[in-house]
file structure36.pdb (PDB, C-alpha atoms)
ATOM      1  CA  MET O  48      17.404 269.379 103.381
ATOM      2  CA  ASP O  49      15.589 267.672 106.272
ATOM      3  CA  LEU O  50      17.232 267.300 109.696
ATOM      4  CA  GLN O  51      18.100 263.654 109.132
ATOM      5  CA  THR O  52      19.971 264.562 105.970
ATOM      6  CA  ILE O  53      21.657 267.510 107.689
ATOM      7  CA  GLU O  54      22.735 265.363 110.628
ATOM      8  CA  LYS O  55      24.271 262.758 108.305
ATOM      9  CA  ARG O  56      26.022 265.454 106.302
ATOM     10  CA  ILE O  57      27.494 267.060 109.439
ATOM     11  CA  ILE O  58      28.810 263.692 110.637
ATOM     12  CA  ASP O  59      30.192 262.907 107.187
ATOM     13  CA  TYR O  60      31.937 266.286 107.205
ATOM     14  CA  LEU O  61      33.474 265.628 110.622
ATOM     15  CA  GLU O  62      34.674 262.234 109.417
ATOM     16  CA  GLY O  63      36.156 263.775 106.274
ATOM     17  CA  ASP O  64      33.722 262.036 103.901
ATOM     18  CA  LEU O  65      32.159 265.060 102.157
ATOM     19  CA  SER O  66      33.067 266.259  98.706
ATOM     20  CA  LEU O  67      34.245 269.864  98.370
ATOM     21  CA  LYS O  68      30.879 270.809  96.814
ATOM     22  CA  GLU O  69      28.989 269.218  99.732
ATOM     23  CA  GLN O  70      31.201 271.032 102.237
ATOM     24  CA  TYR O  71      30.346 274.411 100.723
ATOM     25  CA  GLU O  72      26.649 273.480 100.734
ATOM     26  CA  LEU O  73      26.900 272.633 104.439
ATOM     27  CA  VAL O  74      28.677 275.915 105.191
ATOM     28  CA  ASP O  75      25.944 277.833 103.331
ATOM     29  CA  TRP O  76      23.290 276.038 105.405
ATOM     30  CA  VAL O  77      25.057 276.881 108.690
ATOM     31  CA  LYS O  78      25.305 280.543 107.652
ATOM     32  CA  GLU O  79      21.562 280.849 106.974
ATOM     33  CA  ASN O  80      20.558 281.512 110.595
ATOM     34  CA  GLU O  81      21.575 281.135 114.244
ATOM     35  CA  GLY O  82      19.335 278.070 114.675
ATOM     36  CA  ASN O  83      21.280 276.165 112.038
ATOM     37  CA  ALA O  84      24.573 277.132 113.669
ATOM     38  CA  ARG O  85      23.293 275.924 117.045
ATOM     39  CA  TYR O  86      22.193 272.591 115.572
ATOM     40  CA  TYR O  87      25.646 272.157 114.045
ATOM     41  CA  VAL O  88      27.111 272.897 117.483
ATOM     42  CA  GLU O  89      24.970 270.245 119.179
ATOM     43  CA  ILE O  90      25.898 267.510 116.695
ATOM     44  CA  LYS O  91      29.573 268.408 116.635
ATOM     45  CA  ASP O  92      29.780 268.703 120.435
ATOM     46  CA  VAL O  93      28.603 265.112 120.826
ATOM     47  CA  TRP O  94      30.900 263.904 118.048
ATOM     48  CA  GLU O  95      33.956 265.697 119.443
ATOM     49  CA  SER O  96      33.352 264.393 122.967
ATOM     50  CA  SER O  97      33.635 260.840 121.685
ATOM     51  CA  TYR O  98      36.748 261.393 119.563
ATOM     52  CA  LEU O  99      38.968 263.905 121.315
ATOM     53  CA  ASP O 100      41.577 262.662 123.762
ATOM     54  CA  ALA O 101      41.967 265.481 126.276
ATOM     55  CA  ASN O 102      45.133 263.928 127.726
ATOM     56  CA  GLU O 103      47.157 264.455 124.564
ATOM     57  CA  VAL O 104      49.312 267.575 124.452
ATOM     58  CA  ALA O 105      49.563 269.445 121.158
ATOM     59  CA  ASP O 106      52.295 271.808 120.001
ATOM     60  CA  THR O 107      50.422 275.123 119.997
ATOM     61  CA  ARG O 108      52.458 276.806 117.264
ATOM     62  CA  GLN O 109      52.311 273.828 114.921
ATOM     63  CA  GLU O 110      48.609 273.265 115.533
ATOM     64  CA  TRP O 111      47.841 276.929 114.859
ATOM     65  CA  LEU O 112      49.606 276.669 111.505
ATOM     66  CA  LYS O 113      47.555 273.570 110.698
ATOM     67  CA  PHE O 114      44.411 275.378 111.798
ATOM     68  CA  LYS O 115      45.188 278.406 109.631
ATOM     69  CA  SER O 116      45.827 276.134 106.679
ATOM     70  CA  HIS O 117      42.530 274.397 107.320
ATOM     71  CA  ILE O 118      40.367 277.480 107.373
ATOM     72  CA  GLN O 119      42.014 278.900 104.274
ATOM     73  CA  ASN O 120      41.783 275.670 102.285
ATOM     74  CA  VAL O 121      38.498 273.903 102.949
ATOM     75  CA  SER O 122      39.281 270.355 101.881
ATOM     76  CA  VAL O 123      38.102 266.871 102.688
ATOM     77  CA  ASN O 124      41.339 265.742 104.295
ATOM     78  CA  SER O 125      41.620 268.818 106.535
ATOM     79  CA  ALA O 126      38.411 267.933 108.383
ATOM     80  CA  LEU O 127      40.228 265.154 110.242
ATOM     81  CA  LYS O 128      43.076 267.469 111.223
ATOM     82  CA  LEU O 129      40.569 269.757 112.949
ATOM     83  CA  LYS O 130      40.024 267.182 115.710
ATOM     84  CA  LYS O 131      43.614 267.529 116.868
ATOM     85  CA  VAL O 132      43.605 271.319 116.492
ATOM     86  CA  LEU O 133      40.675 271.666 118.876
ATOM     87  CA  ARG O 134      42.721 270.187 121.730
ATOM     88  CA  ILE O 135      44.486 273.545 122.047
ATOM     89  CA  TRP O 136      41.223 275.088 123.206
ATOM     90  CA  GLN O 137      39.933 272.283 125.443
ATOM     91  CA  ALA O 138      41.447 273.774 128.587
ATOM     92  CA  VAL O 139      39.083 276.718 128.151
ATOM     93  CA  ALA O 140      35.839 275.109 127.033
ATOM     94  CA  ALA O 141      34.155 272.666 124.706
ATOM     95  CA  VAL O 142      34.715 274.303 121.327
ATOM     96  CA  VAL O 143      33.047 273.928 117.971
ATOM     97  CA  VAL O 144      34.453 275.463 114.797
ATOM     98  CA  VAL O 145      32.387 276.367 111.754
ATOM     99  CA  LEU O 146      34.221 277.375 108.569
ATOM    100  CA  LEU O 147      32.869 280.552 107.014
ATOM    101  CA  ALA O 148      34.763 281.852 103.982
ATOM    102  CA  GLY O 149      38.233 281.396 105.459
ATOM    103  CA  VAL O 150      37.274 282.632 108.939
ATOM    104  CA  SER O 151      36.827 280.442 111.994
ATOM    105  CA  PHE O 152      33.511 280.845 113.774
ATOM    106  CA  LEU O 153      33.782 279.270 117.219
ATOM    107  CA  MET O 154      30.994 278.559 119.680
ATOM    108  CA  LEU O 155      32.126 277.791 123.227
ATOM    109  CA  TYR O 156      30.068 276.263 126.012
ATOM    110  CA  GLN O 157      31.146 277.608 129.403
ATOM    111  CA  GLN O 158      29.738 277.189 132.885
ATOM    112  CA  ASN O 159      29.052 280.440 134.722
ATOM    113  CA  ALA O 160      27.664 280.217 138.267
ATOM    114  CA  GLY O 161      26.032 276.897 137.390
ATOM    115  CA  THR O 162      24.414 278.232 134.215
ATOM    116  CA  GLU O 163      25.520 277.200 130.759
ATOM    117  CA  VAL O 164      26.399 280.210 128.591
ATOM    118  CA  LEU O 165      27.072 280.019 124.899
ATOM    119  CA  LEU O 166      29.831 282.279 123.624
ATOM    120  CA  VAL O 167      30.214 283.038 119.938
ATOM    121  CA  LYS O 168      33.769 283.819 118.887
ATOM    122  CA  THR O 169      34.905 284.877 115.423
ATOM    123  CA  VAL O 170      38.633 284.474 114.755
ATOM    124  CA  VAL O 171      40.007 286.179 111.651
ATOM    125  CA  PRO O 172      43.550 285.028 110.787
ATOM    126  CA  SER O 173      46.309 287.276 109.543
ATOM    127  CA  GLY O 174      45.855 288.169 105.900
ATOM    128  CA  GLU O 175      42.040 287.813 106.030
ATOM    129  CA  LYS O 176      39.048 290.070 106.756
ATOM    130  CA  SER O 177      35.426 289.265 107.573
ATOM    131  CA  ARG O 178      32.002 290.928 107.638
ATOM    132  CA  LEU O 179      29.178 289.730 109.872
ATOM    133  CA  GLU O 180      25.760 290.831 111.096
ATOM    134  CA  LEU O 181      25.039 290.585 114.827
ATOM    135  CA  PRO O 182      21.621 289.468 116.129
ATOM    136  CA  ASP O 183      20.428 293.085 116.620
ATOM    137  CA  GLY O 184      21.265 294.090 113.038
ATOM    138  CA  THR O 185      24.609 295.712 113.851
ATOM    139  CA  ILE O 186      27.123 295.215 111.027
ATOM    140  CA  VAL O 187      30.760 294.499 111.883
ATOM    141  CA  TRP O 188      33.806 294.348 109.632
ATOM    142  CA  ILE O 189      36.646 292.466 111.358
ATOM    143  CA  ASN O 190      40.224 293.108 110.294
ATOM    144  CA  SER O 191      42.991 290.519 110.057
ATOM    145  CA  ALA O 192      44.534 288.894 113.140
ATOM    146  CA  SER O 193      41.462 289.804 115.210
ATOM    147  CA  VAL O 194      39.072 288.046 117.595
ATOM    148  CA  LEU O 195      35.516 289.208 118.323
ATOM    149  CA  THR O 196      33.413 287.553 121.058
ATOM    150  CA  TYR O 197      29.846 287.913 122.367
ATOM    151  CA  ASN O 198      27.394 285.642 124.197
ATOM    152  CA  THR O 199      23.879 284.473 123.406
ATOM    153  CA  ASP O 200      22.354 287.130 125.671
ATOM    154  CA  TYR O 201      23.464 289.687 123.085
ATOM    155  CA  GLY O 202      20.573 291.759 121.750
ATOM    156  CA  ARG O 203      18.206 290.637 124.528
ATOM    157  CA  VAL O 204      19.912 291.288 127.867
ATOM    158  CA  ASN O 205      22.999 293.170 126.684
ATOM    159  CA  ARG O 206      24.959 294.282 123.639
ATOM    160  CA  ASN O 207      28.438 293.520 124.957
ATOM    161  CA  ILE O 208      31.333 292.741 122.613
ATOM    162  CA  SER O 209      34.937 291.812 123.404
ATOM    163  CA  LEU O 210      37.555 292.707 120.802
ATOM    164  CA  GLU O 211      41.195 291.787 120.346
ATOM    165  CA  GLY O 212      42.438 293.386 117.134
ATOM    166  CA  GLU O 213      40.514 295.771 114.895
ATOM    167  CA  ALA O 214      36.881 296.114 113.821
ATOM    168  CA  TYR O 215      34.611 298.700 112.221
ATOM    169  CA  PHE O 216      31.044 298.893 113.568
ATOM    170  CA  GLU O 217      27.800 300.231 112.142
ATOM    171  CA  VAL O 218      25.657 299.933 115.254
ATOM    172  CA  ALA O 219      21.892 299.482 115.124
ATOM    173  CA  SER O 220      20.211 302.107 117.313
ATOM    174  CA  ASN O 221      18.746 300.927 120.637
ATOM    175  CA  ALA O 222      18.318 303.503 123.388
ATOM    176  CA  ASP O 223      17.492 300.798 125.954
ATOM    177  CA  LEU O 224      20.577 298.660 125.356
ATOM    178  CA  PRO O 225      23.902 300.492 124.977
ATOM    179  CA  PHE O 226      26.452 298.876 122.671
ATOM    180  CA  LEU O 227      29.678 298.186 124.594
ATOM    181  CA  VAL O 228      33.054 297.181 123.166
ATOM    182  CA  HIS O 229      35.532 295.850 125.727
ATOM    183  CA  THR O 230      39.246 295.967 124.864
ATOM    184  CA  LYS O 231      42.526 295.503 126.719
ATOM    185  CA  ASP O 232      42.607 299.213 127.609
ATOM    186  CA  CYS O 233      39.082 300.521 127.816
ATOM    187  CA  GLU O 234      35.347 300.262 127.253
ATOM    188  CA  VAL O 235      33.686 301.997 124.295
ATOM    189  CA  LYS O 236      29.997 302.843 124.797
ATOM    190  CA  VAL O 237      27.529 303.883 122.060
ATOM    191  CA  LEU O 238      23.800 303.764 121.341
ATOM    192  CA  GLY O 239      23.921 303.759 117.552
ATOM    193  CA  THR O 240      26.742 305.054 115.379
ATOM    194  CA  LYS O 241      29.636 304.240 113.021
ATOM    195  CA  PHE O 242      33.118 303.877 114.447
ATOM    196  CA  ASN O 243      36.362 301.908 114.334
ATOM    197  CA  VAL O 244      38.256 300.319 117.217
ATOM    198  CA  MET O 245      41.860 299.122 116.948
ATOM    199  CA  ALA O 246      43.091 297.182 119.973
ATOM    200  CA  TYR O 247      45.875 294.833 118.963
ATOM    201  CA  ALA O 248      47.920 293.348 121.796
ATOM    202  CA  SER O 249      51.088 294.714 120.175
ATOM    203  CA  SER O 250      49.776 298.291 120.233
ATOM    204  CA  PRO O 251      50.494 300.499 123.273
ATOM    205  CA  HIS O 252      46.930 301.827 123.223
ATOM    206  CA  THR O 253      43.398 301.256 121.991
ATOM    207  CA  GLU O 254      42.458 303.623 119.170
ATOM    208  CA  THR O 255      38.774 304.545 118.753
ATOM    209  CA  SER O 256      37.927 306.553 115.613
ATOM    210  CA  LEU O 257      34.474 308.053 115.098
ATOM    211  CA  LEU O 258      32.803 308.480 111.711
ATOM    212  CA  GLU O 259      29.233 309.325 112.789
ATOM    213  CA  GLY O 260      27.376 309.963 116.051
ATOM    214  CA  ARG O 261      29.063 310.055 119.450
ATOM    215  CA  VAL O 262      30.888 307.516 121.593
ATOM    216  CA  ASP O 263      32.207 307.479 125.148
ATOM    217  CA  VAL O 264      35.569 305.885 125.914
ATOM    218  CA  SER O 265      36.219 304.866 129.532
ATOM    219  CA  LEU O 266      39.267 303.491 131.307
ATOM    220  CA  LEU O 267      38.848 300.875 134.028
ATOM    221  CA  ASN O 268      39.538 303.521 136.689
ATOM    222  CA  GLY O 269      36.454 305.469 135.578
ATOM    223  CA  LYS O 270      38.165 308.210 133.577
ATOM    224  CA  LYS O 271      36.018 308.946 130.530
ATOM    225  CA  VAL O 272      36.008 311.096 127.399
ATOM    226  CA  GLY O 273      33.414 311.649 124.686
ATOM    227  CA  ILE O 274      34.492 312.001 121.072
ATOM    228  CA  LEU O 275      32.798 313.549 118.043
ATOM    229  CA  PRO O 276      33.008 312.693 114.317
ATOM    230  CA  GLY O 277      36.533 313.165 112.988
ATOM    231  CA  GLN O 278      38.118 312.571 116.378
ATOM    232  CA  VAL O 279      40.245 309.681 117.615
ATOM    233  CA  ALA O 280      40.553 308.609 121.258
ATOM    234  CA  LEU O 281      43.828 306.988 122.337
ATOM    235  CA  ALA O 282      43.367 304.959 125.536
ATOM    236  CA  ASN O 283      46.291 303.465 127.439
ATOM    237  CA  GLY O 284      45.086 301.313 130.322
ATOM    238  CA  TYR O 285      48.557 300.720 131.744
ATOM    239  CA  ARG O 286      49.275 304.445 132.047
ATOM    240  CA  ASN O 287      45.648 305.389 132.764
ATOM    241  CA  SER O 288      45.797 307.977 130.000
ATOM    242  CA  LEU O 289      43.160 309.189 127.536
ATOM    243  CA  GLN O 290      43.978 311.510 124.652
ATOM    244  CA  ILE O 291      41.801 312.962 121.878
ATOM    245  CA  ILE O 292      43.314 313.829 118.507
ATOM    246  CA  GLU O 293      41.949 314.754 115.087
ATOM    247  CA  GLY O 294      42.173 312.044 112.430
ATOM    248  CA  ASN O 295      41.381 311.269 108.811
ATOM    249  CA  ILE O 296      38.636 308.755 109.610
ATOM    250  CA  ASN O 297      38.056 307.717 105.996
ATOM    251  CA  ASN O 298      41.717 306.713 105.710
ATOM    252  CA  ILE O 299      41.510 304.856 109.009
ATOM    253  CA  ILE O 300      38.454 302.767 108.077
ATOM    254  CA  CYS O 301      39.165 302.154 104.377
ATOM    255  CA  TRP O 302      40.648 298.733 105.216
ATOM    256  CA  LYS O 303      37.082 297.362 105.331
ATOM    257  CA  ASP O 304      36.798 298.163 101.610
ATOM    258  CA  ASN O 305      40.059 296.313 100.899
ATOM    259  CA  VAL O 306      42.090 299.514 100.680
ATOM    260  CA  LEU O 307      45.045 300.371 102.921
ATOM    261  CA  LYS O 308      46.205 303.986 103.007
ATOM    262  CA  PHE O 309      49.396 305.379 104.500
ATOM    263  CA  ASP O 310      49.717 309.132 104.892
ATOM    264  CA  ASN O 311      53.115 310.267 106.180
ATOM    265  CA  THR O 312      53.217 307.059 108.241
ATOM    266  CA  PRO O 313      56.352 305.893 110.140
ATOM    267  CA  LEU O 314      58.007 302.832 108.621
ATOM    268  CA  THR O 315      57.509 300.723 111.760
ATOM    269  CA  GLU O 316      53.748 301.267 111.571
ATOM    270  CA  VAL O 317      53.769 300.535 107.843
ATOM    271  CA  ILE O 318      55.509 297.199 108.434
ATOM    272  CA  GLU O 319      53.142 296.252 111.263
ATOM    273  CA  LYS O 320      50.079 296.799 109.075
ATOM    274  CA  LEU O 321      51.591 295.052 106.063
ATOM    275  CA  ASP O 322      52.272 292.023 108.290
ATOM    276  CA  LYS O 323      48.551 291.641 108.953
ATOM    277  CA  TRP O 324      47.403 292.736 105.493
ATOM    278  CA  TYR O 325      49.401 290.070 103.668
ATOM    279  CA  GLY O 326      49.496 287.483 106.452
ATOM    280  CA  VAL O 327      53.289 287.401 106.670
ATOM    281  CA  ALA O 328      56.049 288.077 109.192
ATOM    282  CA  ILE O 329      58.272 290.912 107.972
ATOM    283  CA  GLU O 330      61.768 291.290 109.408
ATOM    284  CA  LEU O 331      63.236 294.729 108.815
ATOM    285  CA  ASN O 332      67.030 294.831 108.909
ATOM    286  CA  ASN O 333      68.903 297.991 110.033
ATOM    287  CA  SER O 334      65.571 299.703 110.688
ATOM    288  CA  GLU O 335      67.274 302.075 113.146
ATOM    289  CA  LEU O 336      68.533 303.989 110.113
ATOM    290  CA  LEU O 337      64.964 304.920 109.245
ATOM    291  CA  ALA O 338      63.585 306.146 112.556
ATOM    292  CA  GLN O 339      62.346 309.344 110.912
ATOM    293  CA  LYS O 340      61.417 307.850 107.529
ATOM    294  CA  ARG O 341      57.718 308.150 106.619
ATOM    295  CA  PHE O 342      55.726 306.765 103.709
ATOM    296  CA  THR O 343      52.642 307.890 101.789
ATOM    297  CA  PHE O 344      50.999 305.363  99.457
ATOM    298  CA  THR O 345      47.856 303.288  98.926
ATOM    299  CA  VAL O 346      47.522 299.505  98.754
ATOM    300  CA  LYS O 347      44.652 297.962  96.785
ATOM    301  CA  SER O 348      45.150 294.743  94.845
ATOM    302  CA  GLU O 349      48.941 294.773  94.667
ATOM    303  CA  SER O 350      50.837 291.648  95.637
ATOM    304  CA  LEU O 351      53.479 291.979  98.346
ATOM    305  CA  SER O 352      56.331 291.843  95.819
ATOM    306  CA  GLU O 353      54.624 294.494  93.669
ATOM    307  CA  LEU O 354      54.219 296.725  96.707
ATOM    308  CA  LEU O 355      57.838 296.324  97.803
ATOM    309  CA  ASN O 356      58.987 297.224  94.309
ATOM    310  CA  ILE O 357      56.898 300.414  94.596
ATOM    311  CA  MET O 358      58.458 301.178  97.987
ATOM    312  CA  LYS O 359      61.884 300.826  96.351
ATOM    313  CA  LEU O 360      61.121 304.015  94.446
ATOM    314  CA  VAL O 361      60.955 305.892  97.748
ATOM    315  CA  GLN O 362      63.645 304.048  99.676
ATOM    316  CA  PRO O 363      66.341 301.777  98.139
ATOM    317  CA  LEU O 364      65.950 298.310  99.630
ATOM    318  CA  GLU O 365      66.374 294.610  99.013
ATOM    319  CA  TYR O 366      63.842 291.973  99.996
ATOM    320  CA  HIS O 367      63.533 288.218 100.139
ATOM    321  CA  ILE O 368      60.203 286.381 100.377
ATOM    322  CA  ASP O 369      60.257 282.839 101.757
ATOM    323  CA  GLY O 370      56.669 281.643 102.197
ATOM    324  CA  GLU O 371      55.203 283.636 105.088
ATOM    325  CA  ARG O 372      58.540 285.141 106.104
ATOM    326  CA  VAL O 373      59.833 288.315 104.479
ATOM    327  CA  SER O 374      63.243 289.931 105.031
ATOM    328  CA  ILE O 375      63.807 293.567 104.038
ATOM    329  CA  THR O 376      67.218 295.215 104.072
ATOM    330  CA  ILE O 377      67.541 298.995 103.767
ATOM    331  CA  LEU O 378      70.415 299.852 101.438
ATOM    332  CA  ASN O 379      71.003 303.525 102.196
ATOM    333  CA  LEU O 380      69.318 306.756 103.261
TER
END
call {"tool": "encode", "arguments": {"input": "structure36.pdb", "output": "structure tokens"}}
result
Amino acid sequence: MDLQTIEKRIIDYLEGDLSLKEQYELVDWVKENEGNARYYVEIKDVWESSYLDANEVADTRQEWLKFKSHIQNVSVNSALKLKKVLRIWQAVAAVVVVLLAGVSFLMLYQQNAGTEVLLVKTVVPSGEKSRLELPDGTIVWINSASVLTYNTDYGRVNRNISLEGEAYFEVASNADLPFLVHTKDCEVKVLGTKFNVMAYASSPHTETSLLEGRVDVSLLNGKKVGILPGQVALANGYRNSLQIIEGNINNIICWKDNVLKFDNTPLTEVIEKLDKWYGVAIELNNSELLAQKRFTFTVKSESLSELLNIMKLVQPLEYHIDGERVSITILNL
């Protein structure tokens, strides 16, 4: 397609006038290369600036639910809803959202010391996972309920990544530009290796697990440890603590292959991971009765109800599923 056709198709998409087939064709075109994504950004930035009313106040919770519905169900009507959703982010920057297989791909223009910087942010909602290739050839798998951000200097001036949530990295080797992952607790520094970082806001620490190579994990106060394959670094920024433990790395990273393994895992941790895996909110009644209860099982293609029926074999329980809310009641020990 020539640029005139592309421009018309982008505008038609923003106005909600594209068929479902044409929407997927547009998404495929945007995914082809960074230049296409930038062109989409330029057209959409102009379009949004003329349509969005920055003075309106949106209900953040309700708009997030609409946004999640939009990225999971690419439809003609949902394109118009996106205009209102974007108001949530306007206080931060001018935002553009590209839909890529159920994952939001956001590009944000921000002013930094008088210079315009383009940030690329990938937001993976609960219940979804995504794989992407960074400009330097590094491959990243992003787990559910996660946000990964980098700027357009990546691969040229720096290789800096910010992560909220969990991601597995296969880093392209570059001795001149270290690969840095910034989390709420620490900085992870590598040159080229394979490793996993889990840094959810709800977790008391950032967990870095190494499959191949070597990585350095540093707290903000300068304290640093190096870990080797098979080791896991637990970093707690609030307590300024760093701990190295041995771990089953293959079990830790198998989520990227759509497998979730629990090996003698506390019930609270099981529930937390199932929340993200299935994209639901699980309420566990009388959980205090199971403080010492641990589970060992593997999740592949099972539905949530199928999995809970399997868990019944280990621990008698009742459950009720109401959309994205799940209530589990433990019957006895």
call {"tool": "residues_around", "arguments": {"input": "structure36.pdb", "residues": "Gly277 of chain O", "least_positions_apart": "4", "cutoff": "7 Å", "atoms": "all atoms listed in the file", "output": "PDB file with C-alpha atoms, keeping the file's coordinate frame"}}
result
ATOM      1  CA  LEU O 257      34.474 308.053 115.098  1.00  0.00           C
ATOM      2  CA  LEU O 258      32.803 308.480 111.711  1.00  0.00           C
ATOM      3  CA  GLU O 293      41.949 314.754 115.087  1.00  0.00           C
ATOM      4  CA  GLY O 294      42.173 312.044 112.430  1.00  0.00           C
ATOM      5  CA  ASN O 295      41.381 311.269 108.811  1.00  0.00           C
ATOM      6  CA  ILE O 296      38.636 308.755 109.610  1.00  0.00           C
TER       7      ILE O 296
END
call {"tool": "residues_around", "arguments": {"input": "structure36.pdb", "residues": "Asp232 of chain O", "least_positions_apart": "6", "cutoff": "8 Å", "atoms": "only C-alpha atoms", "output": "list in words"}}
result
Ala246, His252, Thr253, Leu266, Leu267, Ala282, Asn283, Gly284 and Tyr285 of chain O
call {"tool": "atom_distance", "arguments": {"input": "structure36.pdb", "atom1": "atom CA of Phe216 of chain O", "atom2": "atom CA of Lys231 of chain O"}}
result
17.8 Å
call {"tool": "resolve_selection", "arguments": {"input": "structure36.pdb", "expression": "the PyMOL selection byres ((chain O and resi 211) around 8)", "output": "PyMOL selection string"}}
result
chain O and resi 193-195+209-210+212-213+230-231+246-248
call {"tool": "resolve_selection", "arguments": {"input": "structure36.pdb", "expression": "the PyMOL selection byres ((chain O and resi 326) around 8)", "output": "PDB file with C-alpha atoms, in the frame of the given file"}}
result
ATOM      1  CA  PRO O 172      43.550 285.028 110.787  1.00  0.00           C
ATOM      2  CA  SER O 173      46.309 287.276 109.543  1.00  0.00           C
ATOM      3  CA  GLY O 174      45.855 288.169 105.900  1.00  0.00           C
ATOM      4  CA  GLU O 175      42.040 287.813 106.030  1.00  0.00           C
ATOM      5  CA  LEU O 321      51.591 295.052 106.063  1.00  0.00           C
ATOM      6  CA  ASP O 322      52.272 292.023 108.290  1.00  0.00           C
ATOM      7  CA  LYS O 323      48.551 291.641 108.953  1.00  0.00           C
ATOM      8  CA  TRP O 324      47.403 292.736 105.493  1.00  0.00           C
ATOM      9  CA  TYR O 325      49.401 290.070 103.668  1.00  0.00           C
ATOM     10  CA  VAL O 327      53.289 287.401 106.670  1.00  0.00           C
ATOM     11  CA  ALA O 328      56.049 288.077 109.192  1.00  0.00           C
ATOM     12  CA  GLU O 371      55.203 283.636 105.088  1.00  0.00           C
TER      13      GLU O 371
END
call {"tool": "closest_residue", "arguments": {"input": "structure36.pdb", "among": "O:Glu217, O:Asp223, O:Asp59, O:Glu254", "to": "Val235 of chain O", "atoms": "all atoms listed in the file"}}
result
O:Glu254
call {"tool": "residues_around", "arguments": {"input": "structure36.pdb", "residues": "segment 200-202 of chain O", "least_positions_apart": "2", "cutoff": "9 Å", "atoms": "all atoms listed in the file", "output": "number ranges by chain"}}
result
O: 164-165, 181-183, 197-198, 204-208, 224
call {"tool": "closest_residue", "arguments": {"input": "structure36.pdb", "among": "O:Leu314, O:Trp76, O:Pro251, O:Ser256", "to": "Arg286 of chain O", "atoms": "all atoms listed in the file"}}
result
O:Pro251
call {"tool": "atom_distance", "arguments": {"input": "structure36.pdb", "atom1": "atom CA of Ala222 of chain O", "atom2": "atom CA of Thr185 of chain O"}}
result
13.8 Å
call {"tool": "atom_distance", "arguments": {"input": "structure36.pdb", "atom1": "atom CA of Asp310 of chain O", "atom2": "atom CA of Leu275 of chain O"}}
result
21.9 Å
call {"tool": "residues_around", "arguments": {"input": "structure36.pdb", "residues": "Val361 of chain O", "least_positions_apart": "3", "cutoff": "12 Å", "atoms": "all atoms listed in the file", "output": "JSON, numbers by chain"}}
result
{"O": [314, 340, 341, 342, 343, 344, 354, 355, 356, 357, 358, 364, 377, 378, 379, 380]}
call {"tool": "residues_around", "arguments": {"input": "structure36.pdb", "residues": "Leu238 of chain O", "least_positions_apart": "5", "cutoff": "10 Å", "atoms": "only C-alpha atoms", "output": "JSON, numbers by chain"}}
result
{"O": [206, 218, 219, 220, 221, 222, 223, 224, 225, 226, 227, 260, 261, 262, 263]}
call {"tool": "closest_residue", "arguments": {"input": "structure36.pdb", "among": "O:Asn268, O:Thr255, O:Gln290, O:Ser191", "to": "Trp302 of chain O", "atoms": "only C-alpha atoms"}}
result
O:Ser191
call {"tool": "closest_residue", "arguments": {"input": "structure36.pdb", "among": "O:Gly269, O:Ile186, O:Met48, O:Gln278", "to": "Gly239 of chain O", "atoms": "all atoms listed in the file"}}
result
O:Ile186
